[in-house]
>>> print(open('final.cif').read())   # mmCIF, C-alpha atoms; chains and numbers go by the auth columns
data_input
#
loop_
_atom_site.group_PDB
_atom_site.id
_atom_site.type_symbol
_atom_site.label_atom_id
_atom_site.label_comp_id
_atom_site.label_asym_id
_atom_site.label_seq_id
_atom_site.Cartn_x
_atom_site.Cartn_y
_atom_site.Cartn_z
_atom_site.B_iso_or_equiv
_atom_site.auth_seq_id
_atom_site.auth_asym_id
ATOM 1 C CA MET A 1 9.823 13.839 -11.332 0.00 25 A
ATOM 2 C CA GLY A 2 6.593 13.224 -9.403 0.00 26 A
ATOM 3 C CA GLN A 3 5.168 15.749 -6.975 0.00 27 A
ATOM 4 C CA LEU A 4 4.537 14.778 -3.355 0.00 28 A
ATOM 5 C CA ASN A 5 0.894 15.083 -2.342 0.00 29 A
ATOM 6 C CA ARG A 6 0.641 15.933 1.347 0.00 30 A
ATOM 7 C CA HIS A 7 -3.007 14.856 1.708 0.00 31 A
ATOM 8 C CA TYR A 8 -2.795 11.436 3.318 0.00 32 A
ATOM 9 C CA ALA A 9 -6.438 10.731 4.023 0.00 33 A
ATOM 10 C CA ARG A 10 -7.005 8.035 6.643 0.00 34 A
ATOM 11 C CA LEU A 11 -3.310 7.202 7.125 0.00 35 A
ATOM 12 C CA LEU A 12 -2.087 7.030 10.705 0.00 36 A
ATOM 13 C CA GLU A 13 0.912 9.154 11.657 0.00 37 A
ATOM 14 C CA PRO A 14 3.351 6.173 11.864 0.00 38 A
ATOM 15 C CA ASP A 15 2.238 5.054 8.376 0.00 39 A
ATOM 16 C CA ILE A 16 2.727 8.577 7.028 0.00 40 A
ATOM 17 C CA GLU A 17 6.286 8.503 8.407 0.00 41 A
ATOM 18 C CA ILE A 18 7.016 5.272 6.515 0.00 42 A
ATOM 19 C CA LEU A 19 5.483 6.686 3.336 0.00 43 A
ATOM 20 C CA LEU A 20 7.460 9.946 3.538 0.00 44 A
ATOM 21 C CA ASP A 21 10.740 8.058 4.060 0.00 45 A
ATOM 22 C CA PHE A 22 9.884 5.835 1.112 0.00 46 A
ATOM 23 C CA GLN A 23 8.897 8.767 -1.109 0.00 47 A
ATOM 24 C CA ILE A 24 12.128 10.610 -0.415 0.00 48 A
ATOM 25 C CA ASP A 25 14.066 7.620 -1.755 0.00 49 A
ATOM 26 C CA HIS A 26 11.708 6.748 -4.639 0.00 50 A
ATOM 27 C CA ILE A 27 10.141 10.026 -5.776 0.00 51 A
ATOM 28 C CA SER A 28 11.934 10.062 -9.127 0.00 52 A
ATOM 29 C CA GLU A 29 10.545 6.613 -10.042 0.00 53 A
ATOM 30 C CA TYR A 30 6.946 7.852 -10.212 0.00 54 A
ATOM 31 C CA THR A 31 5.000 10.419 -12.224 0.00 55 A
ATOM 32 C CA SER A 32 2.067 10.730 -9.818 0.00 56 A
ATOM 33 C CA TRP A 33 0.852 9.747 -6.355 0.00 57 A
ATOM 34 C CA THR A 34 -2.753 9.417 -5.215 0.00 58 A
ATOM 35 C CA TYR A 35 -4.127 8.400 -1.842 0.00 59 A
ATOM 36 C CA ASP A 36 -7.239 6.787 -0.405 0.00 60 A
ATOM 37 C CA THR A 37 -8.575 5.669 -3.788 0.00 61 A
ATOM 38 C CA ARG A 38 -11.962 3.967 -3.558 0.00 62 A
ATOM 39 C CA VAL A 39 -12.440 0.754 -5.512 0.00 63 A
ATOM 40 C CA GLY A 40 -15.016 -1.988 -5.687 0.00 64 A
ATOM 41 C CA PRO A 41 -18.786 -1.989 -5.420 0.00 65 A
ATOM 42 C CA GLY A 42 -19.420 -1.087 -1.781 0.00 66 A
ATOM 43 C CA ARG A 43 -22.222 -2.562 0.320 0.00 67 A
ATOM 44 C CA ASP A 44 -25.852 -1.665 -0.321 0.00 68 A
ATOM 45 C CA PRO A 45 -27.920 -1.423 2.889 0.00 69 A
ATOM 46 C CA GLY A 46 -31.043 -2.375 0.949 0.00 70 A
ATOM 47 C CA PRO A 47 -34.218 -0.911 -0.487 0.00 71 A
ATOM 48 C CA SER A 48 -35.673 0.062 2.890 0.00 72 A
ATOM 49 C CA PHE A 49 -33.290 3.064 2.927 0.00 73 A
ATOM 50 C CA LEU A 50 -33.741 6.309 1.008 0.00 74 A
ATOM 51 C CA PRO A 51 -31.845 6.404 -2.316 0.00 75 A
ATOM 52 C CA GLU A 52 -29.405 9.095 -1.110 0.00 76 A
ATOM 53 C CA ILE A 53 -28.654 7.074 2.043 0.00 77 A
ATOM 54 C CA ARG A 54 -28.112 3.940 -0.035 0.00 78 A
ATOM 55 C CA GLN A 55 -25.725 5.837 -2.324 0.00 79 A
ATOM 56 C CA MET A 56 -23.834 7.271 0.647 0.00 80 A
ATOM 57 C CA ALA A 57 -23.514 3.774 2.156 0.00 81 A
ATOM 58 C CA LEU A 58 -22.229 2.407 -1.158 0.00 82 A
ATOM 59 C CA ASP A 59 -19.651 5.205 -1.461 0.00 83 A
ATOM 60 C CA LEU A 60 -18.429 4.973 2.128 0.00 84 A
ATOM 61 C CA SER A 61 -18.126 1.183 2.152 0.00 85 A
ATOM 62 C CA ARG A 62 -15.966 0.867 -0.959 0.00 86 A
ATOM 63 C CA ARG A 63 -12.460 -0.527 -0.431 0.00 87 A
ATOM 64 C CA ARG A 64 -9.687 2.076 -0.223 0.00 88 A
ATOM 65 C CA ILE A 65 -6.167 1.755 -1.534 0.00 89 A
ATOM 66 C CA ASP A 66 -3.688 3.612 0.687 0.00 90 A
ATOM 67 C CA CYS A 67 -1.436 4.847 -2.104 0.00 91 A
ATOM 68 C CA ILE A 68 -1.255 4.534 -5.872 0.00 92 A
ATOM 69 C CA ALA A 69 2.122 5.424 -7.343 0.00 93 A
ATOM 70 C CA GLU A 70 2.154 5.621 -11.114 0.00 94 A
ATOM 71 C CA ALA A 71 5.371 5.032 -13.029 0.00 95 A
ATOM 72 C CA THR A 72 5.823 5.315 -16.774 0.00 96 A
ATOM 73 C CA ASP A 73 5.583 1.538 -17.200 0.00 97 A
ATOM 74 C CA ARG A 74 3.306 0.381 -14.342 0.00 98 A
ATOM 75 C CA ILE A 75 0.921 1.289 -11.557 0.00 99 A
ATOM 76 C CA ASP A 76 1.945 0.353 -8.020 0.00 100 A
ATOM 77 C CA LEU A 77 -0.898 -0.213 -5.555 0.00 101 A
ATOM 78 C CA ILE A 78 0.691 0.268 -2.136 0.00 102 A
ATOM 79 C CA GLU A 79 -0.762 -0.887 1.153 0.00 103 A
ATOM 80 C CA ILE A 80 1.036 0.767 4.084 0.00 104 A
ATOM 81 C CA CYS A 81 1.262 -0.634 7.604 0.00 105 A
ATOM 82 C CA GLN A 82 3.607 -1.017 10.533 0.00 106 A
ATOM 83 C CA THR A 83 3.583 -4.822 10.584 0.00 107 A
ATOM 84 C CA ALA A 84 2.330 -6.657 7.511 0.00 108 A
ATOM 85 C CA GLY A 85 0.248 -9.712 8.283 0.00 109 A
ATOM 86 C CA TYR A 86 -2.420 -11.896 6.759 0.00 110 A
ATOM 87 C CA ARG A 87 -4.899 -9.016 6.531 0.00 111 A
ATOM 88 C CA THR A 88 -2.515 -6.807 4.564 0.00 112 A
ATOM 89 C CA ILE A 89 -1.523 -9.646 2.255 0.00 113 A
ATOM 90 C CA GLY A 90 -5.179 -10.507 1.651 0.00 114 A
ATOM 91 C CA GLN A 91 -6.145 -6.924 0.812 0.00 115 A
ATOM 92 C CA ILE A 92 -3.619 -6.443 -1.970 0.00 116 A
ATOM 93 C CA PRO A 93 -4.977 -8.920 -4.584 0.00 117 A
ATOM 94 C CA ILE A 94 -8.540 -7.750 -3.913 0.00 118 A
ATOM 95 C CA TYR A 95 -7.529 -4.121 -4.413 0.00 119 A
ATOM 96 C CA ALA A 96 -5.684 -5.022 -7.615 0.00 120 A
ATOM 97 C CA ALA A 97 -8.735 -6.847 -9.020 0.00 121 A
ATOM 98 C CA TYR A 98 -11.108 -4.002 -8.155 0.00 122 A
ATOM 99 C CA TYR A 99 -8.693 -1.366 -9.467 0.00 123 A
ATOM 100 C CA ALA A 100 -8.385 -3.201 -12.779 0.00 124 A
ATOM 101 C CA GLN A 101 -12.176 -3.571 -12.997 0.00 125 A
ATOM 102 C CA ASP A 102 -12.969 0.045 -12.072 0.00 126 A
ATOM 103 C CA PHE A 103 -10.206 1.931 -13.885 0.00 127 A
ATOM 104 C CA LYS A 104 -9.203 -0.430 -16.724 0.00 128 A
ATOM 105 C CA PRO A 105 -5.592 0.806 -16.766 0.00 129 A
ATOM 106 C CA SER A 106 -3.433 0.369 -19.845 0.00 130 A
ATOM 107 C CA LYS A 107 -0.354 -0.310 -17.707 0.00 131 A
ATOM 108 C CA PRO A 108 0.299 -3.395 -15.604 0.00 132 A
ATOM 109 C CA ILE A 109 -0.680 -3.240 -11.944 0.00 133 A
ATOM 110 C CA ARG A 110 1.877 -4.239 -9.330 0.00 134 A
ATOM 111 C CA PRO A 111 0.600 -5.106 -5.831 0.00 135 A
ATOM 112 C CA CYS A 112 2.913 -3.641 -3.167 0.00 136 A
ATOM 113 C CA ILE A 113 3.313 -3.649 0.588 0.00 137 A
ATOM 114 C CA LEU A 114 5.248 -0.962 2.441 0.00 138 A
ATOM 115 C CA CYS A 115 5.868 -1.808 6.078 0.00 139 A
ATOM 116 C CA ARG A 116 8.364 -1.713 8.914 0.00 140 A
ATOM 117 C CA ASP A 117 8.154 -5.415 9.719 0.00 141 A
ATOM 118 C CA ILE A 118 6.858 -8.724 8.356 0.00 142 A
ATOM 119 C CA ALA A 119 7.341 -12.337 9.429 0.00 143 A
ATOM 120 C CA ASP A 120 9.848 -14.228 7.289 0.00 144 A
ATOM 121 C CA ASP A 121 7.299 -16.778 6.019 0.00 145 A
ATOM 122 C CA LEU A 122 4.899 -14.036 4.937 0.00 146 A
ATOM 123 C CA ALA A 123 7.702 -12.133 3.195 0.00 147 A
ATOM 124 C CA ILE A 124 8.583 -15.287 1.253 0.00 148 A
ATOM 125 C CA PHE A 125 4.924 -15.751 0.321 0.00 149 A
ATOM 126 C CA CYS A 126 4.713 -12.150 -0.953 0.00 150 A
ATOM 127 C CA ILE A 127 7.829 -12.464 -3.068 0.00 151 A
ATOM 128 C CA LYS A 128 6.793 -15.850 -4.515 0.00 152 A
ATOM 129 C CA ASN A 129 3.384 -14.425 -5.452 0.00 153 A
ATOM 130 C CA GLY A 130 4.683 -11.343 -7.247 0.00 154 A
ATOM 131 C CA TYR A 131 4.042 -8.706 -4.601 0.00 155 A
ATOM 132 C CA GLN A 132 6.586 -5.915 -4.300 0.00 156 A
ATOM 133 C CA LEU A 133 7.623 -5.816 -0.656 0.00 157 A
ATOM 134 C CA TRP A 134 9.416 -2.854 0.883 0.00 158 A
ATOM 135 C CA ILE A 135 10.488 -3.104 4.505 0.00 159 A
ATOM 136 C CA TYR A 136 11.173 0.479 5.368 0.00 160 A
ATOM 137 C CA PRO A 137 13.510 1.728 6.452 0.00 161 A
ATOM 138 C CA GLN A 138 15.785 -1.138 5.613 0.00 162 A
ATOM 139 C CA PRO A 139 17.182 -2.736 8.765 0.00 163 A
ATOM 140 C CA GLN A 140 20.773 -1.756 9.384 0.00 164 A
ATOM 141 C CA PRO A 141 23.295 -4.537 10.037 0.00 165 A
ATOM 142 C CA ILE A 142 24.708 -4.704 13.547 0.00 166 A
ATOM 143 C CA PRO A 143 28.287 -3.422 13.529 0.00 167 A
ATOM 144 C CA GLU A 144 30.748 -6.199 14.135 0.00 168 A
ATOM 145 C CA THR A 145 32.070 -4.490 17.236 0.00 169 A
ATOM 146 C CA LEU A 146 28.618 -4.654 18.889 0.00 170 A
ATOM 147 C CA GLY A 147 27.930 -8.259 17.990 0.00 171 A
ATOM 148 C CA ASN A 148 31.200 -9.835 19.042 0.00 172 A
ATOM 149 C CA PRO A 149 33.309 -9.488 22.156 0.00 173 A
ATOM 150 C CA PRO A 150 36.809 -8.193 21.548 0.00 174 A
ATOM 151 C CA THR A 151 39.478 -10.831 21.022 0.00 175 A
ATOM 152 C CA THR A 152 42.803 -10.714 22.810 0.00 176 A
#
>>> encode(input="final.cif", output="structure tokens")
Amino acid sequence: MGQLNRHYARLLEPDIEILLDFQIDHISEYTSWTYDTRVGPGRDPGPSFLPEIRQMALDLSRRRIDCIAEATDRIDLIEICQTAGYRTIGQIPIYAAYYAQDFKPSKPIRPCILCRDIADDLAIFCIKNGYQLWIYPQPQPIPETLGNPPTT
């Protein structure tokens, strides 16, 4: 069973809440969890800067994956947000490409979104394009007694 890492760099408190709820339900599926993993080349400010400043700029401007959950048969790259939109959906394939380039994993990479809400059309797009989508916590159905007036 994977260990929970309580060092959620850069995650906002509401996103940490979603992640903790998710981890409680899925902890046994994963062997490790890492957070705030830098991928990609970063942006070079140019030769007019000192080499150490250029390197710092490159390091700080690299893309960051919120959470990487490794299972025995795959690596899940998880972007966490309250409401998933175009930005979130656009980040995931870029992160997957950079992760594959930088780390050359032997397991397949699965792009994932963990959120509280997403528009129906965007959810359909994610599913059709092979993204794992978790809406967390799952919405509870309205009890019949609340949705319908009593019959006599």
>>> closest_residue(input="final.cif", among="A:Asp126, A:Asp97, A:Glu103, A:Asp39", to="A:Gly64", atoms="all atoms listed in the file")
A:Asp126
>>> atom_distance(input="final.cif", atom1="atom CA of A:Val63", atom2="atom CA of A:Arg111")
17.2 Å
>>> atom_distance(input="final.cif", atom1="atom CA of A:Cys91", atom2="atom CA of A:Asp144")
24.1 Å
>>> closest_residue(input="final.cif", among="A:Asp45, A:Glu53, A:Asp141, A:Glu37", to="A:Ala95", atoms="all atoms listed in the file")
A:Glu53
>>> closest_residue(input="final.cif", among="A:Cys136, A:Leu82, A:Ile40, A:Ala124", to="A:Ile102", atoms="only C-alpha atoms")
A:Cys136
>>> build_atoms(input="final.cif", residues="stretch 116-151 of chain A", atoms="N, CA and C atoms", output="mmCIF file, in the coordinates of the input")
data_model
loop_
_atom_site.group_PDB
_atom_site.id
_atom_site.type_symbol
_atom_site.label_atom_id
_atom_site.label_comp_id
_atom_site.auth_asym_id
_atom_site.auth_seq_id
_atom_site.Cartn_x
_atom_site.Cartn_y
_atom_site.Cartn_z
ATOM 1 N N ILE A 116 -4.300 -6.859 -0.750
ATOM 2 C CA ILE A 116 -3.619 -6.443 -1.970
ATOM 3 C C ILE A 116 -4.202 -7.077 -3.246
ATOM 4 N N PRO A 117 -4.421 -8.388 -3.333
ATOM 5 C CA PRO A 117 -4.977 -8.920 -4.584
ATOM 6 C C PRO A 117 -6.421 -8.470 -4.831
ATOM 7 N N ILE A 118 -7.168 -8.238 -3.765
ATOM 8 C CA ILE A 118 -8.540 -7.750 -3.913
ATOM 9 C C ILE A 118 -8.520 -6.330 -4.470
ATOM 10 N N TYR A 119 -7.645 -5.491 -3.911
ATOM 11 C CA TYR A 119 -7.529 -4.121 -4.413
ATOM 12 C C TYR A 119 -7.097 -4.110 -5.879
ATOM 13 N N ALA A 120 -6.163 -4.968 -6.229
ATOM 14 C CA ALA A 120 -5.684 -5.022 -7.615
ATOM 15 C C ALA A 120 -6.826 -5.422 -8.565
ATOM 16 N N ALA A 121 -7.621 -6.401 -8.172
ATOM 17 C CA ALA A 121 -8.735 -6.847 -9.020
ATOM 18 C C ALA A 121 -9.777 -5.737 -9.178
ATOM 19 N N TYR A 122 -10.133 -5.091 -8.073
ATOM 20 C CA TYR A 122 -11.108 -4.002 -8.155
ATOM 21 C C TYR A 122 -10.558 -2.804 -8.931
ATOM 22 N N TYR A 123 -9.291 -2.489 -8.739
ATOM 23 C CA TYR A 123 -8.693 -1.366 -9.467
ATOM 24 C C TYR A 123 -8.735 -1.632 -10.976
ATOM 25 N N ALA A 124 -8.361 -2.835 -11.356
ATOM 26 C CA ALA A 124 -8.385 -3.201 -12.779
ATOM 27 C C ALA A 124 -9.801 -3.114 -13.330
ATOM 28 N N GLN A 125 -10.770 -3.589 -12.575
ATOM 29 C CA GLN A 125 -12.176 -3.571 -12.997
ATOM 30 C C GLN A 125 -12.698 -2.137 -13.106
ATOM 31 N N ASP A 126 -12.399 -1.303 -12.123
ATOM 32 C CA ASP A 126 -12.969 0.045 -12.072
ATOM 33 C C ASP A 126 -12.275 1.040 -13.004
ATOM 34 N N PHE A 127 -10.958 0.921 -13.145
ATOM 35 C CA PHE A 127 -10.206 1.931 -13.885
ATOM 36 C C PHE A 127 -9.687 1.456 -15.244
ATOM 37 N N LYS A 128 -9.665 0.146 -15.459
ATOM 38 C CA LYS A 128 -9.203 -0.430 -16.724
ATOM 39 C C LYS A 128 -7.898 0.222 -17.216
ATOM 40 N N PRO A 129 -6.849 0.146 -16.400
ATOM 41 C CA PRO A 129 -5.592 0.806 -16.766
ATOM 42 C C PRO A 129 -4.912 0.125 -17.955
ATOM 43 N N SER A 130 -4.163 0.919 -18.704
ATOM 44 C CA SER A 130 -3.433 0.369 -19.845
ATOM 45 C C SER A 130 -2.064 -0.163 -19.432
ATOM 46 N N LYS A 131 -1.644 0.155 -18.224
ATOM 47 C CA LYS A 131 -0.354 -0.310 -17.707
ATOM 48 C C LYS A 131 -0.584 -1.475 -16.756
ATOM 49 N N PRO A 132 0.439 -2.310 -16.584
ATOM 50 C CA PRO A 132 0.299 -3.395 -15.604
ATOM 51 C C PRO A 132 0.210 -2.845 -14.179
ATOM 52 N N ILE A 133 -0.517 -3.576 -13.357
ATOM 53 C CA ILE A 133 -0.680 -3.240 -11.944
ATOM 54 C C ILE A 133 0.284 -4.101 -11.134
ATOM 55 N N ARG A 134 0.984 -3.484 -10.204
ATOM 56 C CA ARG A 134 1.877 -4.239 -9.330
ATOM 57 C C ARG A 134 1.392 -4.085 -7.889
ATOM 58 N N PRO A 135 0.997 -5.183 -7.233
ATOM 59 C CA PRO A 135 0.600 -5.106 -5.831
ATOM 60 C C PRO A 135 1.830 -4.919 -4.945
ATOM 61 N N CYS A 136 1.750 -3.988 -3.996
ATOM 62 C CA CYS A 136 2.913 -3.641 -3.167
ATOM 63 C C CYS A 136 2.526 -3.510 -1.700
ATOM 64 N N ILE A 137 3.469 -3.844 -0.853
ATOM 65 C CA ILE A 137 3.313 -3.649 0.588
ATOM 66 C C ILE A 137 4.511 -2.853 1.075
ATOM 67 N N LEU A 138 4.228 -1.802 1.826
ATOM 68 C CA LEU A 138 5.248 -0.962 2.441
ATOM 69 C C LEU A 138 5.038 -1.047 3.940
ATOM 70 N N CYS A 139 6.033 -1.587 4.644
ATOM 71 C CA CYS A 139 5.868 -1.808 6.078
ATOM 72 C C CYS A 139 7.198 -1.650 6.798
ATOM 73 N N ARG A 140 7.141 -1.712 8.103
ATOM 74 C CA ARG A 140 8.364 -1.713 8.914
ATOM 75 C C ARG A 140 8.805 -3.129 9.259
ATOM 76 N N ASP A 141 7.831 -4.063 9.271
ATOM 77 C CA ASP A 141 8.154 -5.415 9.719
ATOM 78 C C ASP A 141 7.176 -6.407 9.091
ATOM 79 N N ILE A 142 7.690 -7.628 8.856
ATOM 80 C CA ILE A 142 6.858 -8.724 8.356
ATOM 81 C C ILE A 142 7.543 -10.027 8.753
ATOM 82 N N ALA A 143 6.773 -11.028 9.095
ATOM 83 C CA ALA A 143 7.341 -12.337 9.429
ATOM 84 C C ALA A 143 8.000 -12.928 8.185
ATOM 85 N N ASP A 144 9.077 -13.669 8.405
ATOM 86 C CA ASP A 144 9.848 -14.228 7.289
ATOM 87 C C ASP A 144 8.986 -15.070 6.348
ATOM 88 N N ASP A 145 8.106 -15.920 6.895
ATOM 89 C CA ASP A 145 7.299 -16.778 6.019
ATOM 90 C C ASP A 145 6.328 -15.963 5.167
ATOM 91 N N LEU A 146 5.804 -14.883 5.716
ATOM 92 C CA LEU A 146 4.899 -14.036 4.937
ATOM 93 C C LEU A 146 5.657 -13.247 3.870
ATOM 94 N N ALA A 147 6.871 -12.826 4.188
ATOM 95 C CA ALA A 147 7.702 -12.133 3.195
ATOM 96 C C ALA A 147 7.997 -13.067 2.025
ATOM 97 N N ILE A 148 8.317 -14.308 2.312
ATOM 98 C CA ILE A 148 8.583 -15.287 1.253
ATOM 99 C C ILE A 148 7.337 -15.490 0.403
ATOM 100 N N PHE A 149 6.183 -15.600 1.049
ATOM 101 C CA PHE A 149 4.924 -15.751 0.321
ATOM 102 C C PHE A 149 4.706 -14.570 -0.625
ATOM 103 N N CYS A 150 4.910 -13.354 -0.126
ATOM 104 C CA CYS A 150 4.713 -12.150 -0.953
ATOM 105 C C CYS A 150 5.613 -12.180 -2.178
ATOM 106 N N ILE A 151 6.866 -12.465 -1.967
ATOM 107 C CA ILE A 151 7.829 -12.464 -3.068
ATOM 108 C C ILE A 151 7.479 -13.548 -4.087
#
